[in-house]
$ cat query_18.txt   # compact mmCIF, C-alpha atoms and all ligand atoms
# COMPACT_ATOMS: atom_id res chain seq x y z
CA MET A 1342 -24.28 4.47 -31.27
CA ASN A 1343 -25.70 1.61 -33.40
CA ALA A 1344 -25.93 -2.04 -32.38
CA THR A 1345 -22.73 -3.11 -34.16
CA THR A 1346 -20.60 -0.45 -32.46
CA ALA A 1347 -22.16 -1.30 -29.11
CA MET A 1348 -21.11 -4.92 -29.53
CA ALA A 1349 -17.59 -3.98 -30.63
CA LEU A 1350 -17.14 -1.68 -27.60
CA PRO A 1351 -18.12 -3.42 -24.36
CA ALA A 1352 -19.54 -1.14 -21.68
CA ILE A 1353 -16.93 0.70 -19.65
CA GLU A 1354 -16.25 -0.96 -16.34
CA ARG A 1355 -17.36 1.47 -13.68
CA PHE A 1356 -15.56 1.99 -10.37
CA LYS A 1357 -17.22 1.17 -7.07
CA PRO A 1358 -17.93 3.96 -4.55
CA GLN A 1359 -15.34 3.95 -1.77
CA VAL A 1360 -15.96 4.02 1.97
CA VAL A 1361 -13.86 7.11 2.76
CA CYS A 1362 -14.42 10.16 0.54
CA PRO A 1363 -12.32 13.12 1.68
CA ARG A 1364 -13.62 16.64 1.16
CA PRO A 1365 -11.81 18.43 -1.66
CA TYR A 1366 -9.68 21.39 -0.53
CA GLN A 1367 -10.03 24.83 -2.03
CA LEU A 1368 -8.88 24.84 -5.69
CA GLU A 1369 -7.51 21.28 -5.37
CA THR A 1370 -6.73 19.60 -8.69
CA PRO A 1371 -8.49 16.34 -9.63
CA ASP A 1372 -5.23 14.39 -9.59
CA SER A 1373 -4.34 15.63 -6.11
CA TYR A 1374 -7.82 14.69 -4.90
CA LEU A 1375 -7.61 11.24 -6.52
CA ALA A 1376 -4.28 10.60 -4.76
CA ARG A 1377 -5.81 11.43 -1.37
CA LEU A 1378 -8.94 9.39 -2.05
CA CYS A 1379 -6.80 6.35 -2.99
CA ALA A 1380 -4.57 6.78 0.08
CA ALA A 1381 -7.60 7.02 2.38
CA ASN A 1382 -9.02 3.77 1.00
CA VAL A 1383 -5.68 1.96 0.52
CA ILE A 1384 -6.08 1.64 -3.26
CA ASP A 1385 -3.13 1.49 -5.66
CA LEU A 1386 -3.06 5.01 -7.21
CA ASP A 1387 -0.90 4.00 -10.18
CA HIS A 1388 -3.34 1.22 -11.06
CA ILE A 1389 -6.25 3.70 -11.04
CA ARG A 1390 -4.27 6.18 -13.13
CA ARG A 1391 -3.54 3.49 -15.73
CA ARG A 1392 -7.23 2.62 -15.90
CA VAL A 1393 -8.19 6.30 -16.24
CA HIS A 1394 -5.70 6.61 -19.09
CA ALA A 1395 -7.09 3.52 -20.83
CA ARG A 1396 -10.67 4.76 -20.44
CA ARG A 1397 -9.76 8.24 -21.71
CA THR A 1398 -8.21 6.69 -24.81
CA ARG A 1399 -11.39 4.72 -25.47
CA THR A 1400 -14.03 7.32 -24.67
CA ARG A 1401 -12.00 10.32 -25.91
CA ARG A 1402 -13.49 12.32 -23.04
CA PRO A 1403 -10.86 14.87 -21.90
CA ASP A 1404 -12.47 14.88 -18.43
CA GLU A 1405 -12.51 11.09 -17.97
CA LEU A 1406 -10.70 11.51 -14.65
CA GLY A 1407 -13.72 13.48 -13.42
CA TYR A 1408 -16.07 10.60 -14.22
CA VAL A 1409 -13.78 8.19 -12.38
CA ILE A 1410 -13.52 10.40 -9.29
CA ASN A 1411 -17.28 10.73 -9.21
CA GLU A 1412 -17.79 6.95 -9.51
CA LEU A 1413 -15.35 6.43 -6.63
CA GLY A 1414 -17.57 8.66 -4.51
CA GLY A 1415 -15.82 12.02 -4.97
CA PRO A 1416 -17.34 15.34 -6.13
CA ASP A 1417 -18.92 15.63 -9.57
CA ILE A 1418 -17.20 16.97 -12.65
CA ARG A 1419 -18.81 20.39 -12.36
CA HIS A 1420 -17.11 20.93 -9.00
CA PHE A 1421 -13.70 20.82 -10.71
CA HIS A 1422 -14.93 22.94 -13.63
CA ARG A 1423 -16.05 25.62 -11.15
CA GLU A 1424 -12.82 25.52 -9.15
CA TYR A 1425 -10.71 25.75 -12.32
CA ALA A 1426 -12.84 28.62 -13.66
CA ARG A 1427 -12.00 30.65 -10.54
CA THR A 1428 -8.31 30.57 -11.50
CA VAL A 1429 -8.51 31.90 -15.06
CA PRO A 1430 -9.94 35.11 -16.52
CA GLN A 1431 -13.57 34.58 -17.46
CA LEU A 1432 -12.99 35.00 -21.16
CA SER A 1433 -10.47 32.22 -21.49
CA VAL A 1434 -12.24 29.50 -19.49
CA LYS A 1435 -12.17 26.20 -21.32
CA ALA A 1436 -13.80 23.81 -18.89
CA HIS A 1437 -12.00 20.65 -20.03
CA MET A 1438 -8.70 22.25 -18.94
CA ALA A 1439 -9.82 21.50 -15.38
CA PHE A 1440 -8.72 17.94 -16.21
CA ALA A 1441 -5.50 18.72 -18.08
CA VAL A 1442 -3.20 15.70 -17.91
CA GLN A 1443 -0.24 17.69 -16.63
CA PRO A 1444 -1.69 20.87 -15.14
CA ARG A 1445 0.46 23.62 -13.66
CA THR A 1446 -0.10 23.57 -9.93
CA ARG A 1447 0.63 25.43 -6.71
CA PRO A 1448 0.78 23.84 -3.28
CA ALA A 1449 -2.03 24.52 -0.82
CA CYS A 1450 -1.14 26.14 2.53
CA SER A 1451 0.50 23.26 4.42
CA ARG A 1452 -1.22 24.30 7.69
CA CYS A 1453 -4.67 24.32 6.07
CA VAL A 1454 -4.13 20.77 4.74
CA HIS A 1455 -2.51 19.52 7.98
CA GLY A 1456 0.81 18.67 6.33
CA VAL A 1457 -0.71 16.39 3.65
CA SER A 1458 0.51 17.06 0.11
CA VAL A 1459 -2.27 18.91 -1.76
CA ASP A 1460 -1.86 20.54 -5.18
CA ALA A 1461 -4.10 23.41 -6.17
CA TYR A 1462 -4.69 24.78 -9.66
CA ASP A 1463 -2.04 27.33 -10.61
CA HIS A 1464 -3.77 30.52 -9.48
CA ARG A 1465 -2.97 34.14 -8.61
CA LEU A 1466 -5.90 34.64 -6.26
CA PHE A 1467 -3.93 34.83 -3.02
CA MET A 1468 -0.33 34.58 -1.91
CA ILE A 1469 -0.68 34.48 1.89
CA CYS A 1470 -2.99 32.25 3.91
CA LEU A 1471 -4.64 34.79 6.22
CA LYS A 1472 -5.81 32.05 8.57
CA HIS A 1473 -2.27 30.88 9.28
CA ASN A 1474 -0.20 33.97 8.31
CA ARG A 1475 1.70 31.73 5.93
CA TRP A 1476 3.36 32.64 2.64
CA ILE A 1477 2.23 29.99 0.17
CA GLY A 1478 4.67 30.42 -2.72
CA HIS A 1479 4.81 28.29 -5.82
CA ARG A 1480 6.56 25.25 -4.33
CA ALA A 1481 6.00 23.55 -1.01
CA ASP A 1482 9.57 24.36 0.17
CA GLU A 1483 8.93 28.12 -0.31
CA GLN A 1484 6.28 28.24 2.39
CA GLN A 1485 7.01 30.07 5.61
CA GLN A 1486 5.32 32.02 8.38
CA ILE A 1487 5.20 35.79 7.94
CA SER A 1488 6.46 37.83 10.87
CA ASP A 1489 5.43 41.26 9.52
CA LEU A 1490 1.68 41.33 10.10
CA GLY A 1491 1.41 44.47 7.93
CA LEU A 1492 1.58 42.00 5.06
CA ARG A 1493 -1.98 40.96 5.89
CA THR A 1494 -3.20 44.36 4.66
CA VAL A 1495 -1.07 43.99 1.52
CA GLU A 1496 -2.59 40.55 0.95
CA ARG A 1497 -6.14 41.90 1.24
CA ARG A 1498 -5.30 44.57 -1.34
CA PHE A 1499 -3.87 41.90 -3.62
CA ARG A 1500 -7.04 39.82 -3.33
CA GLN A 1501 -9.14 42.84 -4.27
CA ILE A 1502 -7.12 43.30 -7.47
CA ALA A 1503 -7.26 39.55 -8.19
CA THR A 1504 -11.06 39.59 -8.15
CA THR A 1505 -11.20 42.30 -10.84
CA GLY A 1506 -10.09 39.74 -13.45
CA LEU A 1507 -7.56 42.28 -14.78
CA ILE A 1508 -4.55 40.28 -13.60
CA SER A 1509 -3.87 37.10 -15.55
CA ASN A 1510 -1.21 34.62 -14.42
CA GLN A 1511 1.07 35.71 -17.28
CA PHE A 1512 0.61 39.37 -16.40
CA HIS A 1513 1.31 38.80 -12.70
CA ASP A 1514 4.37 36.66 -13.44
CA GLY A 1515 5.65 39.13 -16.05
CA VAL A 1516 5.58 41.98 -13.51
CA THR A 1517 7.17 39.77 -10.81
CA ALA A 1518 9.97 38.68 -13.17
CA ALA A 1519 10.66 42.30 -14.18
CA LEU A 1520 10.90 43.30 -10.52
CA ASP A 1521 13.24 40.37 -9.77
CA ARG A 1522 15.51 41.33 -12.67
CA HIS A 1523 15.77 44.96 -11.62
CA ALA A 1524 15.85 44.49 -7.86
CA PRO A 1525 19.67 44.96 -7.65
CA VAL A 1526 19.34 48.44 -9.19
CA LEU A 1527 16.20 49.44 -7.30
CA ARG A 1528 17.51 48.25 -3.92
CA ASP A 1529 15.79 50.14 -1.12
CA GLY A 1530 13.32 51.76 -3.52
CA LEU A 1531 11.67 48.35 -3.59
CA TRP A 1532 11.45 47.99 0.15
CA LEU A 1533 8.05 49.00 1.53
CA GLY A 1534 7.66 46.53 4.37
CA LYS A 1535 8.26 46.96 8.09
CA GLN A 1536 10.24 43.87 8.97
CA ARG A 1537 12.44 41.95 6.55
CA GLN A 1538 11.85 38.22 6.15
CA SER A 1539 15.05 37.45 4.17
CA HIS A 1540 12.79 35.95 1.53
CA PRO A 1541 12.98 38.03 -1.67
CA GLN A 1542 9.43 37.28 -2.84
CA ILE A 1543 7.91 38.17 0.53
CA ASP A 1544 10.12 41.24 1.00
CA ARG A 1545 9.11 42.57 -2.44
CA TYR A 1546 5.44 41.69 -2.03
CA PRO A 1547 4.31 45.18 -0.83
CA ALA A 1548 6.09 46.81 -3.79
CA LEU A 1549 4.71 44.22 -6.22
CA VAL A 1550 1.16 44.78 -5.01
CA ARG A 1551 1.55 48.56 -5.21
CA ILE A 1552 2.78 48.25 -8.82
CA LEU A 1553 0.00 45.80 -9.72
CA THR A 1554 -2.55 48.19 -8.21
CA THR A 1555 -1.20 51.08 -10.29
CA ILE A 1556 -1.32 49.04 -13.49
CA ALA A 1557 -4.74 47.53 -12.71
CA ASP A 1558 -6.08 51.08 -12.15
CA TYR A 1559 -4.60 52.13 -15.49
CA ILE A 1560 -6.15 49.18 -17.35
CA ASP A 1561 -9.45 49.68 -15.61
CA GLU A 1562 -9.50 53.33 -16.68
CA TYR A 1563 -8.53 52.85 -20.33
CA TRP A 1564 -9.34 49.20 -21.06
CA PRO A 1565 -12.09 48.18 -18.61
CA ILE A 1566 -12.92 44.49 -18.55
CA GLU A 1567 -16.44 45.05 -19.91
CA ARG A 1568 -15.11 46.77 -23.00
CA GLU A 1569 -14.47 44.74 -26.10
CA ILE A 1570 -10.93 45.33 -27.39
CA ARG A 1571 -10.80 45.04 -31.17
CA THR A 1572 -7.68 47.01 -32.00
CA VAL A 1573 -4.78 48.20 -29.89
CA HIS A 1574 -2.64 50.89 -31.50
CA ARG A 1575 0.71 50.04 -30.03
CA ARG A 1576 2.56 53.36 -30.38
CA PRO A 1577 0.04 55.75 -28.81
CA GLU A 1578 -0.67 53.16 -26.10
CA GLN A 1579 3.05 52.93 -25.32
CA ALA A 1580 3.36 56.71 -25.10
CA ARG A 1581 0.39 56.97 -22.75
CA LEU A 1582 1.68 54.14 -20.57
CA TYR A 1583 5.17 55.61 -20.29
CA ARG A 1584 3.71 58.95 -19.19
CA SER A 1585 1.46 57.28 -16.66
CA LEU A 1586 4.00 54.85 -15.17
CA ARG A 1587 6.86 57.37 -14.93
CA THR A 1588 4.67 59.52 -12.72
CA SER A 1589 2.91 56.84 -10.70
CA LEU A 1590 6.05 54.76 -10.06
CA ALA A 1591 8.32 57.67 -9.12
CA TRP A 1592 8.41 56.29 -5.56
CA LEU A 1593 10.60 53.41 -6.84
CA GLY A 1594 13.51 55.74 -7.56
CA GLY A 1595 14.85 58.24 -10.06
CA PRO A 1596 14.72 57.76 -13.84
CA ALA A 1597 18.27 56.32 -13.90
CA ALA A 1598 17.17 53.44 -11.66
CA THR A 1599 13.71 52.81 -13.07
CA TRP A 1600 13.80 53.31 -16.84
CA LYS A 1601 14.63 49.69 -17.69
CA LEU A 1602 11.97 48.35 -15.34
CA ILE A 1603 9.39 50.72 -16.81
CA ASP A 1604 10.36 49.57 -20.32
CA GLU A 1605 9.59 46.00 -19.30
CA LEU A 1606 6.37 46.88 -17.49
CA VAL A 1607 5.09 48.74 -20.56
CA ALA A 1608 5.78 45.64 -22.67
CA VAL A 1609 4.02 43.36 -20.16
CA VAL A 1610 0.94 45.60 -19.99
CA ILE A 1611 0.67 45.91 -23.78
CA ASP A 1612 1.01 42.12 -24.17
CA SER A 1613 -1.74 41.68 -21.61
CA ILE A 1614 -4.08 44.12 -23.40
CA ILE A 1615 -3.37 42.43 -26.75
CA ALA A 1616 -3.99 38.98 -25.21
CA ARG A 1617 -7.42 40.20 -24.12
CA SER A 1618 -8.18 41.55 -27.60
CA VAL A 1619 -7.34 38.09 -28.99
CA GLU A 1620 -9.69 36.45 -26.50
CA PHE A 1621 -12.55 38.50 -27.89
CA ALA A 1622 -11.90 37.06 -31.35
CA PRO A 1623 -14.07 34.05 -32.32
CA ASP A 1624 -12.53 30.92 -30.83
CA LEU A 1625 -13.93 27.98 -32.74
CA ASP A 1626 -11.77 25.48 -30.90
CA GLY A 1627 -12.97 26.79 -27.56
CA LEU A 1628 -16.60 26.72 -28.64
CA ARG A 1629 -16.31 23.17 -29.86
CA LEU A 1630 -14.66 21.95 -26.66
CA THR A 1631 -16.88 23.73 -24.20
CA SER A 1632 -20.19 22.82 -25.84
CA GLY A 1633 -20.02 19.13 -24.83
ZN ZN B 1701 -3.58 28.04 5.94
$ encode --input "query_18.txt" --output "structure tokens"
Amino acid sequence: MNATTAMALPAIERFKPQVVCPRPYQLETPDSYLARLCAANVIDLDHIRRRVHARRTRTRRPDELGYVINELGGPDIRHFHREYARTVPQLSVKAHMAFAVQPRTRPACSRCVHGVSVDAYDHRLFMICLKHNRWIGHRADEQQQISDLGLRTVERRFRQIATTGLISNQFHDGVTAALDRHAPVLRDGLWLGKQRQSHPQIDRYPALVRILTTIADYIDEYWPIEREIRTVHRRPEQARLYRSLRTSLAWLGGPAATWKLIDELVAVVIDSIIARSVEFAPDLDGLRLTSG
């Protein structure tokens, strides 16, 4: 920056460190953290948000909110980059997305955060809080205690699959949506729990995790995460997947009940494999944004 520009752009007014600096919760988004930090110090949140917006416009830094949080006494920018990176497959991490203006979020377990409203990054790393036996869901009003403690084993299995990096959010949600659509036909074939909760997502969780495990095993065998995917030949891949899923998902019911679901699962898996092959392609935009 030369002298003329420096004169035209006065130095950015920095924020003062605050007295109370709460600890960030697991996977908490910057905006959620900022709201709690402001509440703890009785600062007007909307005023701070307006100033963040004005500063972002001037500096053109996508993670301006991170600088502000750090000046106020909160964690540094890298903390949020790391937390965000945990929620997306390694290949598609674009650090600045940790500070997306309108990120997709999930609520934190309301028991863990003592009833305060805390938004976490939209993740598929866990569905049940094992500390509180609480189904977390995607909205705060979906949370409830689980009565079937067998779900704790299911949850541990789910977490194992989640750490493989084979299950993206889109993939997980695609399989869940397919199950929801075909649940009326599958009926009891879908029921693997011990005690019904009258909550469709919880009641189908054991079946969902079993299906995700089957598909993750398939992908791991034929398209392991370490392998670069340059070309996917759709037809032979479809044929192989149909053969594999018809056998491994026979527990869901006979062909008359499952063929439509299997059609959809094959499509979801192929989309997921193709999405990974695209991620291996040079991403100039990503390189530019993550180098700063
Ligand atoms: Zn909890």
$ residues_near_point --input "query_18.txt" --point "(-0.4, 17.7, 3.8)" --cutoff "12 Å" --atoms "only C-alpha atoms" --output "ChimeraX atom specification"
/A:1366,1373-1374,1376-1377,1448-1460,1481
$ closest_residue --input "query_18.txt" --among "A:Gln1536, A:Thr1504, A:Gln1359, A:Ser1509" --to "A:Val1409" --atoms "only C-alpha atoms"
A:Gln1359
$ closest_residue --input "query_18.txt" --among "A:Lys1472, A:Arg1355, A:Arg1390, A:His1437" --to "ligand ZN 1701 (chain B)" --atoms "all atoms listed in the file"
A:Lys1472
$ closest_residue --input "query_18.txt" --among "A:Gln1511, A:Gln1484, A:Gln1579, A:Asn1382" --to "ligand ZN 1701 (chain B)" --atoms "only C-alpha atoms and all ligand atoms"
A:Gln1484
$ closest_residue --input "query_18.txt" --among "A:Leu1549, A:Ala1352, A:Leu1413, A:Leu1531" --to "A:Phe1499" --atoms "all atoms listed in the file"
A:Leu1549
$ atom_distance --input "query_18.txt" --atom1 "atom CA of A:Pro1358" --atom2 "atom CA of A:Asp1463"
28.9 Å
$ residues_around --input "query_18.txt" --residues "A:Arg1568" --least-positions-apart "3" --cutoff "12 Å" --atoms "all atoms listed in the file" --output "list in words"
Ile1560, Asp1561, Glu1562, Tyr1563, Trp1564, Pro1565, Arg1571, Thr1572, Ile1614, Arg1617, Ser1618 and Phe1621 of chain A
$ residues_near_point --input "query_18.txt" --point "(1.2, 56.9, -6.5)" --cutoff "10 Å" --atoms "only C-alpha atoms" --output "list in words"
Arg1551, Ile1552, Thr1554, Thr1555, Leu1586, Thr1588, Ser1589, Leu1590, Ala1591 and Trp1592 of chain A
$ closest_residue --input "query_18.txt" --among "A:Gln1501, A:Glu1605, A:Arg1445, A:Leu1466" --to "A:Asp1521" --atoms "only C-alpha atoms"
A:Glu1605
$ atom_distance --input "query_18.txt" --atom1 "atom CA of A:Ile1603" --atom2 "atom CA of A:Arg1500"
23.9 Å
$ atom_distance --input "query_18.txt" --atom1 "atom CA of A:Arg1584" --atom2 "atom CA of A:Ile1543"
29.0 Å
$ residues_around --input "query_18.txt" --residues "A:Cys1379" --least-positions-apart "6" --cutoff "9 Å" --atoms "all atoms listed in the file" --output "number ranges by chain"
A: 1359, 1385-1386, 1389
$ axis_aligned_box --input "query_18.txt" --around "stretch 1402-1408 of chain A" --padding-each-side "6 Å" --output "lines of an AutoDock Vina configuration file"
center_x = -13.4
center_y = 12.7
center_z = -18.2
size_x = 17.4
size_y = 16.3
size_z = 21.6
$ residues_around --input "query_18.txt" --residues "A:Val1610" --least-positions-apart "6" --cutoff "10 Å" --atoms "all atoms listed in the file" --output "short mmCIF file (atom, residue, chain, number, x, y, z; two decimals) with C-alpha atoms, in the coordinates of the input"
data_model
loop_
_atom_site.label_atom_id
_atom_site.label_comp_id
_atom_site.auth_asym_id
_atom_site.auth_seq_id
_atom_site.Cartn_x
_atom_site.Cartn_y
_atom_site.Cartn_z
CA ILE A 1508 -4.55 40.28 -13.60
CA PHE A 1512 0.61 39.37 -16.40
CA HIS A 1513 1.31 38.80 -12.70
CA GLY A 1515 5.65 39.13 -16.05
CA VAL A 1516 5.58 41.98 -13.51
CA ILE A 1556 -1.32 49.04 -13.49
CA ALA A 1557 -4.74 47.53 -12.71
CA TYR A 1559 -4.60 52.13 -15.49
CA ILE A 1560 -6.15 49.18 -17.35
CA GLU A 1578 -0.67 53.16 -26.10
CA GLN A 1579 3.05 52.93 -25.32
CA LEU A 1582 1.68 54.14 -20.57
CA ALA A 1616 -3.99 38.98 -25.21
#
$ closest_residue --input "query_18.txt" --among "A:Gln1485, A:Thr1428, A:Asn1411, A:Thr1446" --to "ligand ZN 1701 (chain B)" --atoms "all atoms listed in the file"
A:Gln1485
